[in-house]
Amino acid sequence: MDQFTFIFDILLPALMQGLVITLQLIVCSAPFGLVLGIGVAAGRQYGGPILSRICKMFVLLIKGTPLLLLLFILYFGLPSIGITLTAFTAAVIGFILCNGAYNSEYIRGALLSIKDGQMIAAQALGMTRAQAIRNVILPQALRRAIPGLSNEFIYLIKYSSLAYMITVVELSGAGKNVATKYFIYTETFMVVGIVYLVLVTITTVAVSILEKHVSVPGTSRSTSAAQM
Amino acid sequence: MNSNNIVLRVEDIHKSFGDKEVLRGISFDVVKGETKVFIGPSGTGKSTLLRCINQLTIPDRGRVWLDDEEITNSGTRINYFRQKIGMVFQNYYLFDHLTALKNVELALLKVRGMNKEEAREKALTELRQVGLEDWADHYPAELSGGQAQRVSIARALAMDPEVILFDEPTSALDPELTREVLEVMKRLAQQGMTMLVVTHEMGFACSVATEILFMENGVVAERGTPDLLTHDPQFTRMKNFIGQFNSYRGG
Ligand SMILES: Nc1ncnc2c1ncn2[C@@H]1O[C@H](COP(=O)(O)OP(=O)(O)OP(=O)(O)O)[C@@H](O)[C@H]1O
Ligand SMILES: [Mg+2]
């Protein structure tokens, strides 16, 4: 079997299946990771003393736990207390928790950078704090958090490969299976690497388009984006 | 509304930050259509006083009424009162991510629950009031300070307030832009808007104010009509302050 046949007839079809799983993992995790990040950041910043402490603890806990360990707990550990998850679900939950915790840090930083006057002006018009956060503070903070959030999204693309460790055959796992079956490691993992690189490149381009799209005219951010 | 046409009543407001007593018992009534001007040295509590009126700062003691309804201790109804009490800030505080039009629209949509067409119509009307209809689609970062301040006045006007609080609305502006903002305010006063204005613009104060209140060390030290102030020799402290201020500005 020549290299050409291996790559096109065996490797790529197998990787395609893995890629679909990887994309499913990402699509199922990222939106909830974003929502969780917003919730935790807002809870920390605007919640009462109890809620903000809970949010802080959550972030610390997730930051302090290796993601692999978290996945092991969710998949192998939870059944012992009667909760059995499919491998895919366990992976998605793990990714949401991890992604959400780190997202919340970027969003919190962005919330802190919004001047008090924005909240004061909103409240002076009769908005509740919740209305002000939703309509005035978050739209500005999320724009500022885009670089950090996109970074975190790129991490997610790559750490989704850890799902293989709890039996989800995603992109890396599919590559690994092919490689061990045919004893062809270098080519296989190079191709797998290229697929990740393509995913990351697409993300990067999409983010810069998004950033341009939501940039506010007249601000330094919009002019620097225009120069890029 | 009561027989005296009193829109706003402020009674014995006290406020401390830590052990620093900033407001030490301030009382006054505001009659409909009146423009009260507050002057006084920096740090004397003028901004704190305005914020105590719409409860952005909660006073330690004292009460505030709007149209005979108590604002202080009004719970969640405060959001209703805040609609009725417009506020304009030294640094405009426009919502940076929204166009001039959307700045004016936002509270109409979210607080007053207007539909899109109504809100847009109303917002455009208010922008026309301050001469900025043509700038409706510009963002705050694209506006001059004077334009930004006029948008913030339009934003306050849109809620149909009974009274507007101005906290040094022109202090961040150079003289040219100061004039365009003061002209808008003067016109509002002529149209019968009730206003409380903290300012250092004595020209404006003397021509528009129904009463000038001189604040010092957390109390109203002297008060009177502009006419009285300029002719009555008893108002020494306020004259002193204005004199110093003018010579500082002139020099
Ligand atoms: N949130 C706060 N926490 C602590 N101290 C405050 C707070 N707000 C105001 N102060 C203090 O209260 C005093 C009065 O402040 P305020 O801003 O009301 O004065 P002002 O008369 O508006 O002065 P200026 O002319 O400089 O605007 C100042 O000493 C200020 O440092
Ligand atoms: Mg002040």
# chains A, B, ... in the order shown; residues from 1 in each chain; ligands from 1
>>> closest_atom_pairs(of="chain B", to="ligand 1", cutoff="7 Å", atoms="only C-alpha atoms and all ligand atoms", output="CSV")
residue,atom,partner,partner_atom_place_in_ligand_line,distance
B:Phe17,CA,ligand 1,4 (C),4.9
B:Val22,CA,ligand 1,12 (O),5.3
B:Gly40,CA,ligand 1,21 (O),6.7
B:Pro41,CA,ligand 1,25 (O),5.9
B:Ser42,CA,ligand 1,25 (O),3.4
B:Gly43,CA,ligand 1,19 (O),3.5
B:Thr44,CA,ligand 1,21 (O),3.9
B:Gly45,CA,ligand 1,18 (O),3.2
B:Lys46,CA,ligand 1,21 (O),3.7
B:Ser47,CA,ligand 1,22 (O),3.6
B:Thr48,CA,ligand 1,18 (O),3.6
B:Leu49,CA,ligand 1,18 (O),6.4
>>> write_last_selection(atoms="C-alpha atoms", output="PDB file, in the first residue's frame")
ATOM      1  CA  PHE B  17     -18.616  58.749  53.831  1.00  0.00           C
ATOM      2  CA  VAL B  22     -20.274  65.510  53.389  1.00  0.00           C
ATOM      3  CA  GLY B  40     -19.616  76.182  45.919  1.00  0.00           C
ATOM      4  CA  PRO B  41     -16.062  74.986  46.388  1.00  0.00           C
ATOM      5  CA  SER B  42     -14.917  71.574  45.210  1.00  0.00           C
ATOM      6  CA  GLY B  43     -15.602  68.703  47.574  1.00  0.00           C
ATOM      7  CA  THR B  44     -18.422  70.495  49.290  1.00  0.00           C
ATOM      8  CA  GLY B  45     -20.975  67.827  48.417  1.00  0.00           C
ATOM      9  CA  LYS B  46     -22.811  69.235  45.382  1.00  0.00           C
ATOM     10  CA  SER B  47     -22.585  66.024  43.364  1.00  0.00           C
ATOM     11  CA  THR B  48     -23.444  63.987  46.432  1.00  0.00           C
ATOM     12  CA  LEU B  49     -26.537  66.123  46.969  1.00  0.00           C
TER      13      LEU B  49
END
>>> interface_residues(of="chain A", to="chain B", cutoff="7 Å", atoms="only C-alpha atoms", output="JSON list (two decimals) with N, CA, C and O atoms, in the first residue's frame")
[["chain", "number", "residue", "atom", "x", "y", "z"],
["A", 117, "GLY", "N", -19.59, 55.04, 35.31],
["A", 117, "GLY", "CA", -20.57, 55.97, 34.75],
["A", 117, "GLY", "C", -21.63, 55.30, 33.91],
["A", 117, "GLY", "O", -22.77, 55.77, 33.86],
["A", 118, "GLN", "N", -21.28, 54.19, 33.25],
["A", 118, "GLN", "CA", -22.24, 53.52, 32.39],
["A", 118, "GLN", "C", -23.40, 52.97, 33.22],
["A", 118, "GLN", "O", -24.56, 53.10, 32.86],
["A", 121, "ALA", "N", -25.42, 56.01, 34.74],
["A", 121, "ALA", "CA", -26.31, 56.66, 33.77],
["A", 121, "ALA", "C", -27.53, 55.78, 33.51],
["A", 121, "ALA", "O", -28.65, 56.28, 33.39],
["A", 124, "ALA", "N", -29.82, 55.95, 36.44],
["A", 124, "ALA", "CA", -30.45, 57.27, 36.54],
["A", 124, "ALA", "C", -31.64, 57.38, 35.59],
["A", 124, "ALA", "O", -32.52, 58.21, 35.78],
["A", 125, "LEU", "N", -31.65, 56.54, 34.54],
["A", 125, "LEU", "CA", -32.79, 56.55, 33.61],
["A", 125, "LEU", "C", -33.93, 55.66, 34.08],
["A", 125, "LEU", "O", -34.95, 55.55, 33.42],
["A", 126, "GLY", "N", -33.72, 54.96, 35.18],
["A", 126, "GLY", "CA", -34.77, 54.11, 35.72],
["A", 126, "GLY", "C", -34.59, 52.64, 35.43],
["A", 126, "GLY", "O", -35.48, 51.83, 35.68],
["A", 127, "MET", "N", -33.43, 52.28, 34.86],
["A", 127, "MET", "CA", -33.19, 50.85, 34.62],
["A", 127, "MET", "C", -32.84, 50.17, 35.94],
["A", 127, "MET", "O", -32.17, 50.74, 36.79],
["A", 128, "THR", "N", -33.26, 48.92, 36.07],
["A", 128, "THR", "CA", -32.81, 48.13, 37.21],
["A", 128, "THR", "C", -31.35, 47.73, 36.94],
["A", 128, "THR", "O", -30.87, 47.85, 35.81],
["A", 136, "VAL", "N", -26.45, 47.46, 28.82],
["A", 136, "VAL", "CA", -25.39, 48.47, 28.74],
["A", 136, "VAL", "C", -24.00, 47.88, 29.03],
["A", 136, "VAL", "O", -23.06, 48.07, 28.25],
["A", 140, "GLN", "N", -20.88, 45.89, 26.06],
["A", 140, "GLN", "CA", -19.56, 46.51, 25.95],
["A", 140, "GLN", "C", -18.47, 45.55, 26.43],
["A", 140, "GLN", "O", -17.40, 45.43, 25.83],
["A", 216, "VAL", "N", -17.05, 49.31, 17.53],
["A", 216, "VAL", "CA", -17.81, 50.55, 17.64],
["A", 216, "VAL", "C", -17.06, 51.65, 16.92],
["A", 216, "VAL", "O", -15.92, 51.94, 17.25],
["A", 217, "PRO", "N", -17.68, 52.29, 15.92],
["A", 217, "PRO", "CA", -17.00, 53.33, 15.16],
["A", 217, "PRO", "C", -16.46, 54.44, 16.05],
["A", 217, "PRO", "O", -17.11, 54.83, 17.02],
["A", 218, "GLY", "N", -15.27, 54.91, 15.70],
["A", 218, "GLY", "CA", -14.70, 56.04, 16.43],
["A", 218, "GLY", "C", -13.81, 55.64, 17.59],
["A", 218, "GLY", "O", -13.08, 56.46, 18.12],
["A", 219, "THR", "N", -13.87, 54.36, 18.00],
["A", 219, "THR", "CA", -13.00, 53.94, 19.11],
["A", 219, "THR", "C", -11.68, 53.44, 18.55],
["A", 219, "THR", "O", -11.59, 53.09, 17.37]]
>>> residues_around(residues="Thr199 of chain B", least_positions_apart="2", cutoff="8 Å", atoms="only C-alpha atoms", output="ChimeraX atom specification")
/B:37-39,167-171,197,201-202,205
>>> residues_around(residues="segment 183-190 of chain B", least_positions_apart="5", cutoff="7 Å", atoms="only C-alpha atoms", output="JSON, numbers by chain")
{"B": [35, 130, 208]}
>>> atom_distance(atom1="atom CA of Glu11 of chain B", atom2="atom CA of Asp68 of chain B")
12.5 Å
>>> select_by_dssp(residues="segment 26-249 of chain B", states="strand (DSSP E)", output="count of residues only")
45
>>> closest_residue(among="B:Phe214, B:Phe166, B:Trp135, B:Trp65", to="ligand 2", atoms="only C-alpha atoms and all ligand atoms")
B:Phe166
>>> residues_around(residues="Ser29 of chain A", least_positions_apart="4", cutoff="10 Å", atoms="only C-alpha atoms", output="ChimeraX atom specification")
/A:23-25,33-34,89,91-100,153,156,160
>>> select_by_dssp(residues="segment 6-164 of chain A", states="alpha helix (DSSP H)", output="PyMOL selection string")
chain A and resi 12-46+49-64+67-72+87-113+116-124+129-132+138-159
>>> closest_residue(among="B:Lys102, B:Gln90, B:Lys116, B:Ala221", to="ligand 2", atoms="only C-alpha atoms and all ligand atoms")
B:Gln90
>>> residues_around(residues="Lys181 of chain A", least_positions_apart="6", cutoff="12 Å", atoms="only C-alpha atoms", output="PyMOL selection string")
chain A and resi 6+10-11+14+174-175+188
>>> atom_distance(atom1="atom CA of Gly37 of chain A", atom2="atom CA of Asn103 of chain A")
4.8 Å
